[in-house]
Amino acid sequence: MTLTHIYETLFGAYGPQGWWPLLGVAGTNPTKTGAIRGYHVGDYSFPRNDAERFEICAGAILTQNTAWPNVERALRALADRNVLSPQGVLSLAQPDLATLIRASGYFNAKARKLREFAAFYTGLAGQVPTRAALLDVWGVGPETADSMLLYAYGQEEMVVDAYTRRILGHLRLVKPVADYDTVKRFCARRLPCDLVVYQEFHALLVEHAKRHYQRMPYADPLLR
DNA sequence: AACCAGGACGTGA
DNA sequence: TCACGTCATGGT
């Protein structure tokens, strides 16, 4: 079972996922599970502007260990108040920001993370951040940094998350204890370095895991 | 009604 | 390094 085969199998089964979800983009994904919306299936021209870029980054922080529908509530609360922007986030006192993003969980920690990131983002002045610079921001770890680079900045950085580990571990392609960078290199070495492939691969693994890796014991009907 | 979700950080060994 | 506790809402 090669990663290319996994990719093609999942792509054949679910089709393009069109990540990252955006509030202003209607969900048209025929394979969507649950309440997830905001797809732009088959269109890889995103983000189309700076507002969408920041929304993706904010979502990457808010979705840490959190289900997307809750993240969407928080993002919508920010958008409704017209503060889903670096300036908007920084205009709020941290407790007020925390109240707005309450639904996403860990709201105190995430309010601080959003503010730290908004300040960093402003300092970028439109430049693409390096991975190392992102990792220096408090609240941005490896997965969050790679999600931002891959989906907000169009950089070919493989995203490894709990689902990636779960699926690849179940298929015995990686050890369950392998660290982030080990799994990342494993994937990067075996898939073509292509933006579409990277974006879809991560999204497809999430979709597949949501369908078949929610509860033990796993019985994967597609991969083995 | 426990269990978990597209993690990251701080601490003590 | 590494294992473990902490942060917290909402769906199943």
# chains A, B, ... in the order shown; residues from 1 in each chain; ligands from 1
>>> interface_residues(of="chain B", to="chain A", cutoff="10 Å", atoms="only C-alpha atoms (C1' of nucleotides)", output="list in words")
DC4, DA5, DG6, DG7, DA8 and DC9 of chain B
>>> select_by_dssp(residues="range 12-198 of chain A", states="helix (DSSP H, G or I)", output="ChimeraX atom specification")
/A:12-14,50-62,68-80,86-91,94-100,102-104,107-124,131-135,142-152,162-170,180-190,195-198
>>> residues_around(residues="DA13 in chain B", least_positions_apart="5", cutoff="12 Å", atoms="only C-alpha atoms (C1' of nucleotides)", output="MDAnalysis selection string")
chainID C and resid 1:4
>>> write_last_selection(atoms="all heavy atoms", output="JSON list (two decimals), in the first residue's frame")
[["chain", "number", "residue", "atom", "x", "y", "z"],
["C", 1, "DT", "P", 16.16, 16.52, 22.28],
["C", 1, "DT", "OP1", 16.85, 16.16, 21.02],
["C", 1, "DT", "OP2", 16.02, 17.90, 22.63],
["C", 1, "DT", "O5'", 14.69, 15.92, 22.28],
["C", 1, "DT", "C5'", 14.55, 14.64, 21.83],
["C", 1, "DT", "C4'", 14.39, 13.67, 23.01],
["C", 1, "DT", "O4'", 14.68, 14.31, 24.25],
["C", 1, "DT", "C3'", 12.97, 13.10, 23.13],
["C", 1, "DT", "O3'", 13.06, 11.71, 23.27],
["C", 1, "DT", "C2'", 12.42, 13.79, 24.36],
["C", 1, "DT", "C1'", 13.69, 13.98, 25.21],
["C", 1, "DT", "N1", 13.58, 15.08, 26.19],
["C", 1, "DT", "C2", 13.21, 14.77, 27.46],
["C", 1, "DT", "O2", 12.98, 13.62, 27.82],
["C", 1, "DT", "N3", 13.13, 15.85, 28.31],
["C", 1, "DT", "C4", 13.37, 17.19, 28.01],
["C", 1, "DT", "O4", 13.26, 18.06, 28.86],
["C", 1, "DT", "C5", 13.75, 17.44, 26.66],
["C", 1, "DT", "C7", 14.04, 18.83, 26.22],
["C", 1, "DT", "C6", 13.85, 16.40, 25.81],
["C", 2, "DC", "P", 11.86, 10.80, 22.81],
["C", 2, "DC", "OP1", 12.44, 9.46, 22.61],
["C", 2, "DC", "OP2", 11.14, 11.48, 21.74],
["C", 2, "DC", "O5'", 10.92, 10.75, 24.11],
["C", 2, "DC", "C5'", 11.48, 10.41, 25.38],
["C", 2, "DC", "C4'", 10.38, 10.49, 26.43],
["C", 2, "DC", "O4'", 10.52, 11.71, 27.19],
["C", 2, "DC", "C3'", 8.96, 10.53, 25.85],
["C", 2, "DC", "O3'", 8.10, 9.82, 26.70],
["C", 2, "DC", "C2'", 8.65, 12.02, 25.87],
["C", 2, "DC", "C1'", 9.30, 12.39, 27.19],
["C", 2, "DC", "N1", 9.55, 13.85, 27.38],
["C", 2, "DC", "C2", 9.46, 14.41, 28.65],
["C", 2, "DC", "O2", 9.18, 13.68, 29.60],
["C", 2, "DC", "N3", 9.69, 15.74, 28.81],
["C", 2, "DC", "C4", 10.00, 16.49, 27.75],
["C", 2, "DC", "N4", 10.22, 17.79, 27.95],
["C", 2, "DC", "C5", 10.10, 15.93, 26.45],
["C", 2, "DC", "C6", 9.87, 14.62, 26.30],
["C", 3, "DA", "P", 6.82, 9.03, 26.19],
["C", 3, "DA", "OP1", 7.24, 7.85, 25.42],
["C", 3, "DA", "OP2", 5.94, 10.03, 25.56],
["C", 3, "DA", "O5'", 6.14, 8.57, 27.55],
["C", 3, "DA", "C5'", 6.84, 8.67, 28.78],
["C", 3, "DA", "C4'", 6.01, 9.48, 29.76],
["C", 3, "DA", "O4'", 6.35, 10.89, 29.67],
["C", 3, "DA", "C3'", 4.51, 9.38, 29.55],
["C", 3, "DA", "O3'", 3.89, 9.16, 30.80],
["C", 3, "DA", "C2'", 4.12, 10.74, 28.96],
["C", 3, "DA", "C1'", 5.16, 11.65, 29.60],
["C", 3, "DA", "N9", 5.47, 12.86, 28.84],
["C", 3, "DA", "C8", 5.66, 12.96, 27.47],
["C", 3, "DA", "N7", 5.95, 14.18, 27.07],
["C", 3, "DA", "C5", 5.95, 14.93, 28.24],
["C", 3, "DA", "C6", 6.19, 16.30, 28.48],
["C", 3, "DA", "N6", 6.49, 17.19, 27.52],
["C", 3, "DA", "N1", 6.12, 16.74, 29.76],
["C", 3, "DA", "C2", 5.80, 15.85, 30.71],
["C", 3, "DA", "N3", 5.56, 14.53, 30.61],
["C", 3, "DA", "C4", 5.66, 14.14, 29.33],
["C", 4, "DC", "P", 2.34, 8.74, 30.91],
["C", 4, "DC", "OP1", 2.27, 7.62, 31.87],
["C", 4, "DC", "OP2", 1.79, 8.60, 29.54],
["C", 4, "DC", "O5'", 1.69, 10.02, 31.59],
["C", 4, "DC", "C5'", 2.33, 10.62, 32.72],
["C", 4, "DC", "C4'", 1.82, 12.03, 32.93],
["C", 4, "DC", "O4'", 2.45, 12.95, 32.01],
["C", 4, "DC", "C3'", 0.31, 12.19, 32.73],
["C", 4, "DC", "O3'", -0.25, 12.79, 33.87],
["C", 4, "DC", "C2'", 0.21, 13.10, 31.51],
["C", 4, "DC", "C1'", 1.48, 13.91, 31.64],
["C", 4, "DC", "N1", 1.93, 14.60, 30.40],
["C", 4, "DC", "C2", 2.30, 15.95, 30.47],
["C", 4, "DC", "O2", 2.27, 16.53, 31.56],
["C", 4, "DC", "N3", 2.69, 16.58, 29.32],
["C", 4, "DC", "C4", 2.71, 15.92, 28.17],
["C", 4, "DC", "N4", 3.10, 16.58, 27.07],
["C", 4, "DC", "C5", 2.32, 14.54, 28.09],
["C", 4, "DC", "C6", 1.94, 13.93, 29.22]]
>>> interface_residues(of="chain C", to="chain A", cutoff="6 Å", atoms="only C-alpha atoms (C1' of nucleotides)", output="PyMOL selection string")
chain C and resi 7-9
>>> residues_around(residues="Ala178 in chain A", least_positions_apart="4", cutoff="10 Å", atoms="only C-alpha atoms (C1' of nucleotides)", output="PyMOL selection string")
chain A and resi 165+169+174+182-184
>>> residues_around(residues="Val89 in chain A", least_positions_apart="4", cutoff="7 Å", atoms="only C-alpha atoms (C1' of nucleotides)", output="ChimeraX atom specification")
/A:83-85,115,118
>>> write_last_selection(atoms="C-alpha atoms", output="CSV table (one decimal), in the first residue's frame")
chain,number,residue,atom,x,y,z
A,83,VAL,CA,-13.4,41.8,13.7
A,84,LEU,CA,-12.3,38.8,11.6
A,85,SER,CA,-9.1,40.7,10.7
A,115,ARG,CA,-3.9,38.2,19.4
A,118,ALA,CA,-2.6,38.9,14.7
>>> residues_around(residues="range 186-195 of chain A", least_positions_apart="2", cutoff="12 Å", atoms="only C-alpha atoms (C1' of nucleotides)", output="PyMOL selection string")
chain A and resi 1-8+19+44-46+149-160+164-165+168+173-175+178-184+197-202
>>> atom_distance(atom1="CA of Arg166 in chain A", atom2="CA of Ala209 in chain A")
8.0 Å
